file work.tsv (TSV, C-alpha atoms)
chain	number	residue	atom	x	y	z
F	21	MET	CA	-33.44	-58.38	44.61
F	22	ALA	CA	-36.61	-59.24	46.34
F	23	VAL	CA	-37.15	-62.65	47.85
F	24	HIS	CA	-40.10	-63.08	45.53
F	25	ILE	CA	-41.19	-66.55	46.68
F	26	PRO	CA	-39.63	-67.61	49.98
F	27	LEU	CA	-41.09	-71.11	49.59
F	28	GLN	CA	-41.50	-72.41	46.04
F	29	ALA	CA	-45.05	-73.40	45.25
F	30	ALA	CA	-47.19	-74.36	42.28
F	31	GLN	CA	-48.13	-71.47	40.02
F	32	PRO	CA	-51.89	-71.92	39.50
F	33	SER	CA	-53.79	-70.10	36.77
F	34	GLU	CA	-57.35	-70.82	37.87
F	35	GLN	CA	-59.24	-68.25	39.90
F	36	VAL	CA	-60.48	-69.11	43.40
F	37	VAL	CA	-63.30	-67.56	45.37
F	38	GLN	CA	-62.37	-64.65	47.62
F	39	ARG	CA	-63.24	-65.65	51.19
F	40	ASP	CA	-64.81	-63.49	53.84
F	41	ILE	CA	-62.58	-62.32	56.70
F	42	GLN	CA	-64.56	-64.51	59.13
F	43	HIS	CA	-63.18	-67.58	57.34
F	44	TYR	CA	-59.65	-66.66	58.41
F	45	MET	CA	-60.68	-65.69	61.95
F	46	ARG	CA	-62.42	-68.97	62.82
F	47	PRO	CA	-60.95	-71.29	65.50
F	48	GLY	CA	-58.08	-73.56	64.44
F	49	THR	CA	-55.21	-75.72	65.66
F	50	LEU	CA	-52.66	-72.90	66.09
F	51	GLN	CA	-52.47	-70.28	68.81
F	52	LEU	CA	-50.34	-67.33	67.68
F	53	PRO	CA	-49.66	-65.03	70.66
F	54	SER	CA	-49.07	-62.03	68.36
F	55	LEU	CA	-48.86	-61.15	64.69
F	56	PRO	CA	-45.45	-60.65	63.03
F	57	PRO	CA	-44.32	-57.51	61.19
F	58	LEU	CA	-46.12	-56.92	57.90
F	59	SER	CA	-44.57	-55.93	54.56
F	60	LEU	CA	-46.10	-55.12	51.19
F	61	TYR	CA	-44.78	-56.60	47.94
F	62	VAL	CA	-45.90	-55.11	44.60
F	63	HIS	CA	-45.16	-57.05	41.40
F	64	LEU	CA	-44.64	-55.09	38.17
F	65	PRO	CA	-44.18	-57.91	35.64
F	66	TRP	CA	-42.86	-56.29	32.44
F	67	CYS	CA	-39.26	-56.14	31.25
F	68	ILE	CA	-37.52	-55.15	28.02
F	69	LYS	CA	-36.27	-58.69	27.43
F	70	LYS	CA	-36.68	-61.96	29.33
F	71	CYS	CA	-33.28	-63.09	30.63
F	72	PRO	CA	-32.45	-66.72	29.77
F	73	TYR	CA	-31.89	-67.66	33.44
F	74	CYS	CA	-34.99	-65.92	34.85
F	75	ASP	CA	-37.85	-68.01	36.29
F	76	PHE	CA	-39.77	-65.08	37.79
F	77	ASN	CA	-43.19	-64.10	36.45
F	78	SER	CA	-41.91	-61.56	33.94
F	79	HIS	CA	-43.14	-60.68	30.46
F	80	GLU	CA	-41.44	-58.83	27.61
F	81	ALA	CA	-42.83	-55.42	26.69
F	82	ARG	CA	-42.92	-55.93	22.93
F	83	ASP	CA	-42.36	-52.33	21.91
F	84	GLY	CA	-40.38	-51.15	24.88
F	85	ARG	CA	-41.50	-48.98	27.75
F	86	HIS	CA	-44.49	-47.43	25.97
F	87	ALA	CA	-46.17	-50.81	25.44
F	88	VAL	CA	-46.64	-51.26	29.19
F	89	PRO	CA	-50.28	-50.50	30.20
F	90	GLU	CA	-49.18	-48.37	33.14
F	91	GLU	CA	-52.43	-46.63	34.00
F	92	ARG	CA	-54.61	-49.74	33.79
F	93	TYR	CA	-52.10	-51.82	35.76
F	94	ILE	CA	-51.85	-49.22	38.54
F	95	ASP	CA	-55.67	-49.15	38.62
F	96	ALA	CA	-55.65	-52.94	39.02
F	97	LEU	CA	-53.05	-52.83	41.81
F	98	ILE	CA	-55.11	-50.29	43.74
F	99	ALA	CA	-58.26	-52.40	43.30
F	100	ASP	CA	-56.33	-55.51	44.39
F	101	LEU	CA	-55.07	-53.73	47.50
F	102	GLU	CA	-58.54	-52.49	48.41
F	103	GLN	CA	-59.93	-56.02	48.11
F	104	ALA	CA	-57.25	-57.29	50.51
F	105	LEU	CA	-57.63	-54.56	53.13
F	106	PRO	CA	-59.95	-56.56	55.45
F	107	LEU	CA	-57.22	-59.21	55.86
F	108	ILE	CA	-54.71	-56.70	57.25
F	109	TRP	CA	-56.97	-54.09	58.75
F	110	GLY	CA	-55.32	-52.08	61.54
F	111	ARG	CA	-51.82	-53.45	60.90
F	112	SER	CA	-48.83	-51.26	60.05
F	113	ILE	CA	-46.62	-51.69	56.98
F	114	HIS	CA	-42.90	-51.86	57.87
F	115	SER	CA	-41.48	-52.11	54.34
F	116	ILE	CA	-42.62	-51.94	50.71
F	117	PHE	CA	-40.86	-53.63	47.80
F	118	LEU	CA	-41.59	-53.00	44.11
F	119	GLY	CA	-40.22	-56.00	42.21
F	120	GLY	CA	-40.55	-57.51	38.77
F	121	GLY	CA	-39.92	-57.75	35.92
F	122	THR	CA	-38.37	-54.32	35.68
F	123	PRO	CA	-40.32	-51.79	37.77
F	124	SER	CA	-38.14	-48.96	36.45
F	125	LEU	CA	-39.93	-49.38	33.10
F	126	PHE	CA	-42.82	-47.55	34.80
F	127	SER	CA	-42.65	-43.76	34.78
F	128	PRO	CA	-41.85	-41.86	37.98
F	129	GLU	CA	-45.35	-40.37	37.71
F	130	SER	CA	-46.92	-43.85	37.81
F	131	ILE	CA	-44.74	-44.87	40.76
F	132	ASP	CA	-45.72	-41.65	42.56
F	133	ARG	CA	-49.41	-42.43	41.98
F	134	LEU	CA	-48.96	-45.99	43.25
F	135	ILE	CA	-47.12	-45.03	46.44
F	136	SER	CA	-49.61	-42.23	47.15
F	137	ALA	CA	-52.47	-44.73	46.78
F	138	ILE	CA	-50.76	-47.16	49.15
F	139	ARG	CA	-50.21	-44.45	51.77
F	140	ALA	CA	-53.85	-43.36	51.47
F	141	ARG	CA	-55.10	-46.88	52.24
F	142	LEU	CA	-52.58	-48.34	54.67
F	143	ARG	CA	-50.90	-47.34	57.91
F	144	VAL	CA	-47.31	-46.95	56.69
F	145	ASP	CA	-44.64	-46.66	59.38
F	146	ALA	CA	-42.63	-43.45	59.57
F	147	GLY	CA	-39.30	-44.21	57.95
F	148	CYS	CA	-40.76	-47.18	56.04
F	149	GLU	CA	-38.18	-48.68	53.67
F	150	ILE	CA	-39.57	-48.43	50.10
F	151	THR	CA	-37.40	-50.35	47.64
F	152	MET	CA	-37.71	-50.52	43.87
F	153	GLU	CA	-35.82	-52.82	41.52
F	154	ALA	CA	-34.23	-51.06	38.56
F	155	ASN	CA	-32.14	-52.17	35.60
F	156	PRO	CA	-29.42	-50.16	33.86
F	157	GLY	CA	-31.16	-50.90	30.53
F	158	THR	CA	-33.97	-48.54	31.59
F	159	PHE	CA	-31.62	-45.85	32.90
F	160	GLU	CA	-31.94	-42.22	31.84
F	161	LYS	CA	-30.23	-39.20	33.36
F	162	ASP	CA	-32.14	-37.96	36.44
F	163	ARG	CA	-34.67	-40.82	36.20
F	164	PHE	CA	-33.53	-42.37	39.47
F	165	ARG	CA	-33.71	-38.96	41.15
F	166	ALA	CA	-37.32	-38.69	39.97
F	167	PHE	CA	-38.09	-42.07	41.55
F	168	ARG	CA	-36.64	-40.73	44.79
F	169	GLY	CA	-39.00	-37.78	44.52
F	170	ALA	CA	-41.89	-40.21	44.01
F	171	GLY	CA	-41.22	-41.78	47.41
F	172	ILE	CA	-38.69	-44.56	46.73
F	173	THR	CA	-36.09	-44.67	49.53
F	174	ARG	CA	-33.92	-47.57	48.35
F	175	LEU	CA	-32.96	-48.69	44.85
F	176	SER	CA	-31.90	-52.24	43.96
F	177	ILE	CA	-30.00	-52.24	40.67
F	178	GLY	CA	-29.72	-55.42	38.59
F	179	VAL	CA	-26.11	-54.93	37.48
F	180	GLN	CA	-25.11	-58.66	37.47
F	181	SER	CA	-21.69	-57.77	36.00
F	182	PHE	CA	-19.75	-54.80	34.64
F	183	ASP	CA	-18.06	-56.97	31.99
F	184	ASP	CA	-19.70	-56.81	28.55
F	185	ARG	CA	-18.67	-60.41	27.78
F	186	PHE	CA	-20.64	-61.85	30.66
F	187	LEU	CA	-23.57	-59.46	30.32
F	188	GLU	CA	-23.97	-60.72	26.76
F	189	ALA	CA	-23.55	-64.34	27.86
F	190	ILE	CA	-26.46	-64.08	30.31
F	191	GLY	CA	-28.67	-62.07	27.96
F	192	ARG	CA	-28.73	-58.72	29.74
F	193	VAL	CA	-29.93	-55.70	27.72
F	194	HIS	CA	-27.40	-53.26	29.20
F	195	ASN	CA	-23.62	-52.98	28.86
F	196	GLY	CA	-20.93	-52.25	31.41
F	197	ALA	CA	-20.84	-48.51	30.70
F	198	GLN	CA	-24.60	-48.23	31.24
F	199	ALA	CA	-24.27	-50.18	34.48
F	200	MET	CA	-21.58	-47.82	35.78
F	201	ALA	CA	-23.64	-44.73	34.85
F	202	ALA	CA	-26.71	-46.17	36.59
F	203	VAL	CA	-24.79	-46.95	39.79
F	204	GLU	CA	-23.23	-43.47	39.82
F	205	GLU	CA	-26.71	-41.92	39.51
F	206	ALA	CA	-28.09	-44.17	42.27
F	207	ALA	CA	-25.21	-43.31	44.60
F	208	SER	CA	-25.87	-39.60	44.12
F	209	SER	CA	-29.65	-39.94	44.61
F	210	PHE	CA	-30.03	-42.45	47.46
F	211	GLU	CA	-28.51	-42.79	50.91
F	212	THR	CA	-28.86	-46.57	50.63
F	213	PHE	CA	-29.00	-48.78	47.58
F	214	ASN	CA	-28.28	-52.36	46.56
F	215	LEU	CA	-26.31	-53.87	43.70
F	216	ASP	CA	-27.36	-57.27	42.39
F	217	ILE	CA	-24.30	-59.20	41.20
F	218	MET	CA	-23.94	-62.73	39.81
F	219	TYR	CA	-20.95	-65.06	39.78
F	220	ALA	CA	-20.05	-68.44	38.24
F	221	LEU	CA	-21.11	-67.01	34.88
F	222	PRO	CA	-20.42	-68.81	31.58
F	223	GLY	CA	-16.67	-68.64	30.94
F	224	GLN	CA	-15.95	-66.57	34.06
F	225	THR	CA	-12.63	-67.07	35.87
F	226	ALA	CA	-11.48	-66.02	39.34
F	227	GLN	CA	-9.53	-63.18	37.71
F	228	ASP	CA	-12.65	-62.01	35.87
F	229	LEU	CA	-14.59	-61.98	39.13
F	230	ALA	CA	-11.79	-60.04	40.86
F	231	ARG	CA	-12.05	-57.31	38.22
F	232	ASP	CA	-15.83	-57.15	38.65
F	233	LEU	CA	-15.44	-56.92	42.42
F	234	ASP	CA	-12.93	-54.08	41.99
F	235	LYS	CA	-15.59	-52.09	40.14
F	236	VAL	CA	-18.41	-53.08	42.48
F	237	LEU	CA	-16.53	-52.17	45.65
F	238	GLY	CA	-15.14	-49.03	44.01
F	239	PHE	CA	-18.64	-47.56	44.30
F	240	ALA	CA	-18.65	-48.28	48.07
F	241	PRO	CA	-22.22	-49.66	47.92
F	242	PRO	CA	-24.05	-49.94	51.26
F	243	HIS	CA	-25.49	-53.34	50.24
F	244	ILE	CA	-24.68	-56.07	47.70
F	245	SER	CA	-26.75	-59.14	46.84
F	246	ILE	CA	-24.53	-61.74	45.19
F	247	TYR	CA	-26.02	-64.83	43.56
F	248	HIS	CA	-24.57	-67.96	42.01
F	249	LEU	CA	-25.96	-68.37	38.48
F	250	THR	CA	-28.33	-71.32	38.73
F	251	ILE	CA	-30.09	-73.12	35.91
F	252	GLU	CA	-33.77	-73.02	36.81
F	253	PRO	CA	-36.43	-75.30	35.25
F	254	ASN	CA	-38.58	-73.87	32.45
F	255	THR	CA	-36.00	-71.27	31.41
F	256	PHE	CA	-34.04	-70.85	28.17
F	257	PHE	CA	-30.86	-71.93	29.96
F	258	ALA	CA	-32.62	-75.10	31.16
F	259	LYS	CA	-33.24	-76.03	27.52
F	260	TYR	CA	-29.86	-74.81	26.27
F	261	PRO	CA	-27.53	-74.93	29.29
F	262	PRO	CA	-24.33	-72.88	29.02
F	263	ALA	CA	-20.93	-74.12	30.17
F	264	VAL	CA	-20.42	-72.69	33.66
F	265	PRO	CA	-17.51	-73.00	36.13
F	266	GLU	CA	-17.12	-76.28	38.03
F	267	ASP	CA	-18.44	-76.42	41.60
F	268	ASP	CA	-14.99	-76.20	43.19
F	269	VAL	CA	-14.22	-73.08	41.15
F	270	ALA	CA	-17.58	-71.56	42.14
F	271	TYR	CA	-16.89	-72.30	45.84
F	272	ALA	CA	-13.52	-70.55	45.52
F	273	MET	CA	-15.28	-67.58	43.93
F	274	LEU	CA	-17.65	-67.37	46.89
F	275	ASP	CA	-14.68	-67.40	49.29
F	276	GLN	CA	-13.16	-64.58	47.24
F	277	ILE	CA	-16.40	-62.58	47.45
F	278	THR	CA	-16.70	-63.07	51.21
F	279	ALA	CA	-13.09	-62.04	51.82
F	280	ARG	CA	-13.25	-58.96	49.59
F	281	THR	CA	-16.53	-57.68	51.01
F	282	ALA	CA	-15.26	-58.16	54.57
F	283	GLN	CA	-12.17	-56.06	53.72
F	284	ALA	CA	-14.58	-53.37	52.49
F	285	GLY	CA	-16.40	-53.31	55.86
F	286	MET	CA	-19.40	-55.34	54.76
F	287	GLN	CA	-20.96	-58.15	56.79
F	288	ARG	CA	-22.37	-61.28	55.20
F	289	TYR	CA	-25.58	-61.24	57.20
F	290	GLU	CA	-27.44	-63.71	54.95
F	291	VAL	CA	-26.30	-66.41	52.53
F	292	SER	CA	-26.40	-64.05	49.53
F	293	ALA	CA	-26.50	-60.62	51.19
F	294	TYR	CA	-23.64	-58.35	52.29
F	295	ALA	CA	-24.19	-54.99	53.97
F	296	LYS	CA	-22.47	-52.19	55.80
F	297	PRO	CA	-23.76	-51.55	59.34
F	298	GLY	CA	-27.30	-50.15	59.29
F	299	HIS	CA	-27.97	-51.06	55.64
F	300	ALA	CA	-29.40	-54.60	55.83
F	301	CYS	CA	-32.53	-54.94	53.70
F	302	VAL	CA	-35.52	-54.53	56.03
F	303	HIS	CA	-37.94	-56.08	53.56
F	304	ASN	CA	-35.99	-59.25	52.86
F	305	SER	CA	-35.08	-59.61	56.53
F	306	ASN	CA	-38.80	-59.78	57.29
F	307	TYR	CA	-39.14	-62.64	54.77
F	308	TRP	CA	-36.23	-64.52	56.30
F	309	LEU	CA	-37.67	-64.29	59.82
F	310	PHE	CA	-41.10	-65.60	58.73
F	311	GLY	CA	-42.76	-62.21	58.88
F	312	ASP	CA	-45.99	-61.51	57.02
F	313	TYR	CA	-46.25	-59.95	53.58
F	314	LEU	CA	-49.16	-59.01	51.39
F	315	GLY	CA	-48.35	-59.47	47.71
F	316	ILE	CA	-50.32	-57.61	45.04
F	317	GLY	CA	-49.77	-57.75	41.30
F	318	ALA	CA	-49.65	-60.50	38.67
F	319	GLY	CA	-48.41	-63.74	40.23
F	320	ALA	CA	-47.59	-62.10	43.58
F	321	HIS	CA	-47.39	-64.33	46.67
F	322	SER	CA	-48.69	-63.47	50.17
F	323	LYS	CA	-48.09	-65.00	53.57
F	324	LEU	CA	-50.54	-63.76	56.21
F	325	SER	CA	-50.97	-64.76	59.84
F	326	PHE	CA	-54.16	-64.82	61.89
F	327	ALA	CA	-54.82	-65.85	65.48
F	328	HIS	CA	-55.27	-69.54	64.61
F	329	ARG	CA	-53.67	-70.08	61.19
F	330	VAL	CA	-51.07	-69.04	58.63
F	331	VAL	CA	-52.30	-68.57	55.06
F	332	ARG	CA	-50.54	-68.39	51.70
F	333	GLN	CA	-52.12	-66.75	48.66
F	334	VAL	CA	-51.11	-66.33	45.02
F	335	ARG	CA	-52.50	-63.84	42.49
F	336	LEU	CA	-53.27	-64.76	38.86
F	337	ARG	CA	-50.05	-64.89	36.82
F	338	ASP	CA	-51.07	-63.59	33.42
F	339	PRO	CA	-50.96	-59.76	33.51
F	340	ALA	CA	-53.96	-59.25	31.19
F	341	ARG	CA	-56.14	-61.67	33.14
F	342	TYR	CA	-54.86	-60.30	36.44
F	343	MET	CA	-55.87	-56.74	35.46
F	344	THR	CA	-59.34	-57.83	34.35
F	345	GLN	CA	-60.02	-59.85	37.49
F	346	ALA	CA	-58.48	-57.37	39.93
F	347	LEU	CA	-60.64	-54.59	38.52
F	348	GLN	CA	-63.66	-56.89	38.94
F	349	GLY	CA	-62.78	-57.48	42.60
F	350	ASN	CA	-60.89	-60.78	42.82
F	351	ALA	CA	-57.49	-61.71	41.35
F	352	LEU	CA	-56.76	-64.70	43.61
F	353	ALA	CA	-55.51	-67.92	42.03
F	354	GLN	CA	-54.62	-69.76	45.25
F	355	ASP	CA	-55.62	-69.42	48.89
F	356	ASP	CA	-54.37	-72.18	51.21
F	357	GLU	CA	-53.83	-72.64	54.92
F	358	VAL	CA	-50.30	-73.81	55.73
F	359	LYS	CA	-50.45	-77.26	57.28
F	360	ARG	CA	-49.34	-77.45	60.90
F	361	ALA	CA	-46.80	-80.15	60.02
F	362	ASP	CA	-45.23	-77.93	57.33
F	363	LEU	CA	-44.66	-74.87	59.52
F	364	PRO	CA	-41.30	-75.95	61.04
F	365	PHE	CA	-39.71	-76.43	57.61
F	366	GLU	CA	-41.26	-73.24	56.20
F	367	PHE	CA	-39.82	-71.26	59.12
F	368	MET	CA	-36.38	-72.90	58.96
F	369	LEU	CA	-36.08	-72.67	55.17
F	370	ASN	CA	-35.46	-68.94	55.49
F	371	ALA	CA	-34.45	-68.26	59.10
F	372	LEU	CA	-31.42	-70.57	58.84
F	373	ARG	CA	-30.13	-68.44	55.94
F	374	LEU	CA	-29.28	-65.70	58.46
F	375	ARG	CA	-25.73	-65.55	59.79
F	376	GLU	CA	-26.96	-64.53	63.25
F	377	GLY	CA	-29.69	-67.18	63.28
F	378	PHE	CA	-32.98	-66.55	65.05
F	379	ALA	CA	-34.47	-66.23	68.52
F	380	LEU	CA	-36.43	-69.24	69.74
F	381	GLN	CA	-39.16	-66.82	70.82
F	382	ASP	CA	-39.62	-65.81	67.17
F	383	TYR	CA	-40.28	-69.43	66.28
F	384	LEU	CA	-42.91	-69.68	69.03
F	385	ASP	CA	-44.55	-66.39	68.08
F	386	ARG	CA	-44.61	-66.86	64.31
F	387	THR	CA	-45.62	-70.52	64.03
F	388	GLY	CA	-47.80	-70.86	67.12
F	389	LEU	CA	-46.05	-74.21	67.75
F	390	PRO	CA	-44.21	-75.43	70.87
F	391	LEU	CA	-40.43	-75.97	70.87
F	392	SER	CA	-41.09	-79.72	71.05
F	393	SER	CA	-42.04	-79.51	67.36
F	394	ILE	CA	-38.39	-78.83	66.41
F	395	ALA	CA	-36.48	-80.22	69.43
F	396	LYS	CA	-35.45	-83.51	67.81
F	397	ALA	CA	-34.26	-81.87	64.58
F	398	LEU	CA	-32.38	-79.15	66.49
F	399	HIS	CA	-30.49	-81.65	68.60
F	400	GLU	CA	-29.63	-83.67	65.50
F	401	ALA	CA	-28.36	-80.52	63.80
F	402	GLU	CA	-26.29	-79.67	66.89
F	403	ALA	CA	-24.84	-83.18	67.02
F	404	LYS	CA	-23.77	-82.83	63.37
F	405	GLY	CA	-22.11	-79.50	64.07
F	406	LEU	CA	-24.56	-77.54	61.90
F	407	VAL	CA	-25.99	-75.19	64.57
F	408	LYS	CA	-25.13	-73.73	67.95
F	409	LEU	CA	-27.91	-73.72	70.56
F	410	ASP	CA	-28.48	-71.83	73.77
F	411	PHE	CA	-31.60	-71.14	75.78
F	412	GLN	CA	-32.59	-68.19	73.58
F	413	LYS	CA	-31.13	-68.58	70.12
F	414	VAL	CA	-30.28	-70.90	67.21
F	415	THR	CA	-27.24	-69.94	65.12
F	416	PRO	CA	-25.89	-71.80	62.06
F	417	THR	CA	-22.23	-72.74	62.36
F	418	GLU	CA	-19.77	-72.22	59.51
F	419	ARG	CA	-20.42	-75.85	58.58
F	420	GLY	CA	-24.18	-75.28	58.75
F	421	PHE	CA	-23.83	-72.24	56.49
F	422	ASP	CA	-21.78	-74.24	53.97
F	423	PHE	CA	-24.21	-77.18	54.02
F	424	LEU	CA	-27.40	-75.19	54.34
F	425	SER	CA	-29.59	-77.57	52.33
F	426	ASP	CA	-28.61	-80.50	54.56
F	427	LEU	CA	-29.45	-78.40	57.62
F	428	GLN	CA	-32.83	-77.29	56.29
F	429	GLU	CA	-33.84	-80.82	55.31
F	430	LEU	CA	-33.67	-81.95	58.94
F	431	PHE	CA	-36.88	-79.98	59.53
F	432	LEU	CA	-38.95	-81.53	56.74
F	433	ALA	CA	-42.18	-83.07	57.98

call {"tool": "encode", "arguments": {"input": "work.tsv", "output": "C-alpha cells"}}
result
Amino acid sequence: MAVHIPLQAAQPSEQVVQRDIQHYMRPGTLQLPSLPPLSLYVHLPWCIKKCPYCDFNSHEARDGRHAVPEERYIDALIADLEQALPLIWGRSIHSIFLGGGTPSLFSPESIDRLISAIRARLRVDAGCEITMEANPGTFEKDRFRAFRGAGITRLSIGVQSFDDRFLEAIGRVHNGAQAMAAVEEAASSFETFNLDIMYALPGQTAQDLARDLDKVLGFAPPHISIYHLTIEPNTFFAKYPPAVPEDDVAYAMLDQITARTAQAGMQRYEVSAYAKPGHACVHNSNYWLFGDYLGIGAGAHSKLSFAHRVVRQVRLRDPARYMTQALQGNALAQDDEVKRADLPFEFMLNALRLREGFALQDYLDRTGLPLSSIAKALHEAEAKGLVKLDFQKVTPTERGFDFLSDLQELFLA
C-alpha cells in the first residue's frame, strides 16, 4: 500500500491558480543545502466497490472495468505531469507508485502507455522501482505478467485476508481462492512483491489470525504490509461501526505477527512494514524520510522542496473535474508553503515510524532547520525512554515504537 497522504490535510475542491516557477524560487526563511530524493505518485481512483473502511479518494466504477475512462484519464495524467515539469526540472525520479482505487482495473496497454509517457518526460533512474497496487478481484490469468511487460517491477496486492468470513465482513469483492490465485501469479511474475494484510477484523480471533499468517507466509513473500483495521471518519464503518477485537487482543495479535514474520526471516523495518533483506519498499521509505514526491491524478498530494521552502500541493479530488481541468492546464486545488514551525513535526511524524530511526544530517538537509529546533523535544523523548540518541542518529526504543503517538506529539509546534 502506498503512503498516500503522509500528513493528513484538508481535501479542498476549489481550484487555485498555478504559480510560476519563480514564485517557488524566491528568497525565504529556509536554507536547504540540497534537495532530497524525488518520487512520483500516480493516483488511479476507480475501484469495483468502495470498501466500508476506506477513506482514500476512490470511486466505484458503476459497470465494472469498462466504465473507467482509461484513455481520457491517461491523457489527463500526461497533461498534469507536463504542467508540473518546471517544478522538478533536472531532477531524477527514484521510484514510481501507481495507487488508488484499484490501478489493476486499467488495462496493461493503458499502464504501458502511462509508463512510456513518464519515461519520455522525466529522468528515471536505472533500476527505478515501479510499484502498482492490484486487487485479487481484478485478477485474470496472465494479467499480472502483462503488467510486468508494461514496465511494472513490483506489485502490491490488497489481499487483506485469505478467510472468506473476514473478507465478507470488511466488504472485499474477492474471496480467499481468488486471493491465493493472485498471489501465486504475482510470485511467478515478479522478483519482489508486497501483500497487504489486515488484522483485528470483525470477529477475528488469535487462532484465525494464525491461520491467515500460515497462508501468507506459505507464499514466502518478500514484503508484507500489515495494518490494524481502523475506523476512519466519513466511511461506512464510521456510521455503522462493526464489533472488533478489544485493544489488548489486538496488541497480542501484533506481537504474534511480529514473532511469526521474524521466524520467516523478515525484519519489521517500519511500524506496519515487514521485509526480507533487500526488499524494503523504496517508494514508501522515501516518504518516511521526508523525501520529495510529485503526485499526479485526482486528489493526489505532492511535497516538493526548493532552496528556501517546502511546498505541499493537492490535485482536484473529483475525477471528472480533475480530467477537465488537467487537460486545460491546471488541476491544482491546494498549493501551500509548509510553515517553518510545522516542519519538525512533519519530519518526525514519518521518520520516527522507522525501526532504524534517522540520521540527524537528514533532518538538517530536508528541513533546512538547525538541530536547536528539535533539541528540547529530543532530550525530553530520551528522558522518557522513547528514543536513543548519539551524535549522528535518532532511534526509537521499543517503548517509543509502542507509544509512537506520544513520541510524535513531543514535536508539535

call {"tool": "residues_around", "arguments": {"input": "work.tsv", "residues": "Ser78 (chain F)", "least_positions_apart": "5", "cutoff": "10 Å", "atoms": "all atoms listed in the file", "output": "number ranges by chain"}}
result
F: 63-71, 120-122, 318-319, 337-339

call {"tool": "axis_aligned_box", "arguments": {"input": "work.tsv", "around": "region 173-188 of chain F", "padding_each_side": "5 Å", "output": "JSON"}}
result
{"center_x": -27.1, "center_y": -53.3, "center_z": 38.1, "size_x": 28.0, "size_y": 27.2, "size_z": 32.8}

call {"tool": "closest_residue", "arguments": {"input": "work.tsv", "among": "F:Ala146, F:Ile135, F:Ala270, F:Ile116", "to": "Phe167 (chain F)", "atoms": "only C-alpha atoms"}}
result
F:Ile135

call {"tool": "residues_around", "arguments": {"input": "work.tsv", "residues": "Gln428 (chain F)", "least_positions_apart": "2", "cutoff": "9 Å", "atoms": "all atoms listed in the file", "output": "list of chain:residue names"}}
result
F:Phe365, F:Met368, F:Leu369, F:Asn370, F:Leu372, F:Phe423, F:Leu424, F:Ser425, F:Asp426, F:Leu430, F:Phe431, F:Leu432

call {"tool": "closest_residue", "arguments": {"input": "work.tsv", "among": "F:Asp75, F:Glu290, F:Asp355, F:Asp312", "to": "Ile108 (chain F)", "atoms": "only C-alpha atoms"}}
result
F:Asp312

call {"tool": "closest_residue", "arguments": {"input": "work.tsv", "among": "F:Thr250, F:Asn214, F:Thr225, F:Ser181", "to": "Lys296 (chain F)", "atoms": "all atoms listed in the file"}}
result
F:Asn214

call {"tool": "atom_distance", "arguments": {"input": "work.tsv", "atom1": "CA of Gln103 (chain F)", "atom2": "CA of His321 (chain F)"}}
result
15.1 Å

call {"tool": "closest_residue", "arguments": {"input": "work.tsv", "among": "F:Val358, F:Ile244, F:Val236, F:Met218", "to": "Gly48 (chain F)", "atoms": "all atoms listed in the file"}}
result
F:Val358

call {"tool": "residues_near_point", "arguments": {"input": "work.tsv", "point": "(-35.5, -39.0, 37.8)", "cutoff": "12 Å", "atoms": "only C-alpha atoms", "output": "PyMOL selection string"}}
result
chain F and resi 124+126-129+131-132+158-172+202+205-206+208-210

call {"tool": "decode", "arguments": {"input": "work.tsv", "residues": "region 133-142 of chain F", "atoms": "N, CA, C and O atoms", "output": "PDB file, in the first residue's frame"}}
result
ATOM      1  N   ARG F 133       1.237   2.624 -21.776  1.00  0.00           N
ATOM      2  CA  ARG F 133       1.220   3.975 -22.341  1.00  0.00           C
ATOM      3  C   ARG F 133       1.607   5.009 -21.276  1.00  0.00           C
ATOM      4  O   ARG F 133       2.374   5.935 -21.548  1.00  0.00           O
ATOM      5  N   LEU F 134       1.084   4.843 -20.073  1.00  0.00           N
ATOM      6  CA  LEU F 134       1.385   5.787 -18.991  1.00  0.00           C
ATOM      7  C   LEU F 134       2.873   5.770 -18.635  1.00  0.00           C
ATOM      8  O   LEU F 134       3.514   6.825 -18.554  1.00  0.00           O
ATOM      9  N   ILE F 135       3.436   4.592 -18.433  1.00  0.00           N
ATOM     10  CA  ILE F 135       4.840   4.498 -18.034  1.00  0.00           C
ATOM     11  C   ILE F 135       5.754   4.995 -19.154  1.00  0.00           C
ATOM     12  O   ILE F 135       6.762   5.674 -18.902  1.00  0.00           O
ATOM     13  N   SER F 136       5.401   4.698 -20.396  1.00  0.00           N
ATOM     14  CA  SER F 136       6.190   5.202 -21.523  1.00  0.00           C
ATOM     15  C   SER F 136       6.171   6.730 -21.557  1.00  0.00           C
ATOM     16  O   SER F 136       7.198   7.370 -21.822  1.00  0.00           O
ATOM     17  N   ALA F 137       5.002   7.325 -21.278  1.00  0.00           N
ATOM     18  CA  ALA F 137       4.887   8.785 -21.264  1.00  0.00           C
ATOM     19  C   ALA F 137       5.706   9.395 -20.141  1.00  0.00           C
ATOM     20  O   ALA F 137       6.333  10.453 -20.308  1.00  0.00           O
ATOM     21  N   ILE F 138       5.731   8.728 -18.988  1.00  0.00           N
ATOM     22  CA  ILE F 138       6.532   9.211 -17.864  1.00  0.00           C
ATOM     23  C   ILE F 138       8.014   9.173 -18.225  1.00  0.00           C
ATOM     24  O   ILE F 138       8.756  10.146 -18.018  1.00  0.00           O
ATOM     25  N   ARG F 139       8.459   8.056 -18.782  1.00  0.00           N
ATOM     26  CA  ARG F 139       9.875   7.915 -19.140  1.00  0.00           C
ATOM     27  C   ARG F 139      10.288   8.918 -20.221  1.00  0.00           C
ATOM     28  O   ARG F 139      11.439   9.370 -20.242  1.00  0.00           O
ATOM     29  N   ALA F 140       9.357   9.291 -21.092  1.00  0.00           N
ATOM     30  CA  ALA F 140       9.674  10.241 -22.158  1.00  0.00           C
ATOM     31  C   ALA F 140       9.833  11.664 -21.637  1.00  0.00           C
ATOM     32  O   ALA F 140      10.464  12.502 -22.291  1.00  0.00           O
ATOM     33  N   ARG F 141       9.278  11.931 -20.435  1.00  0.00           N
ATOM     34  CA  ARG F 141       9.260  13.304 -19.926  1.00  0.00           C
ATOM     35  C   ARG F 141      10.128  13.520 -18.698  1.00  0.00           C
ATOM     36  O   ARG F 141      10.409  14.662 -18.330  1.00  0.00           O
ATOM     37  N   LEU F 142      10.531  12.446 -18.040  1.00  0.00           N
ATOM     38  CA  LEU F 142      11.301  12.569 -16.810  1.00  0.00           C
ATOM     39  C   LEU F 142      12.592  11.768 -16.893  1.00  0.00           C
ATOM     40  O   LEU F 142      12.682  10.785 -17.642  1.00  0.00           O
TER      41      LEU F 142
END
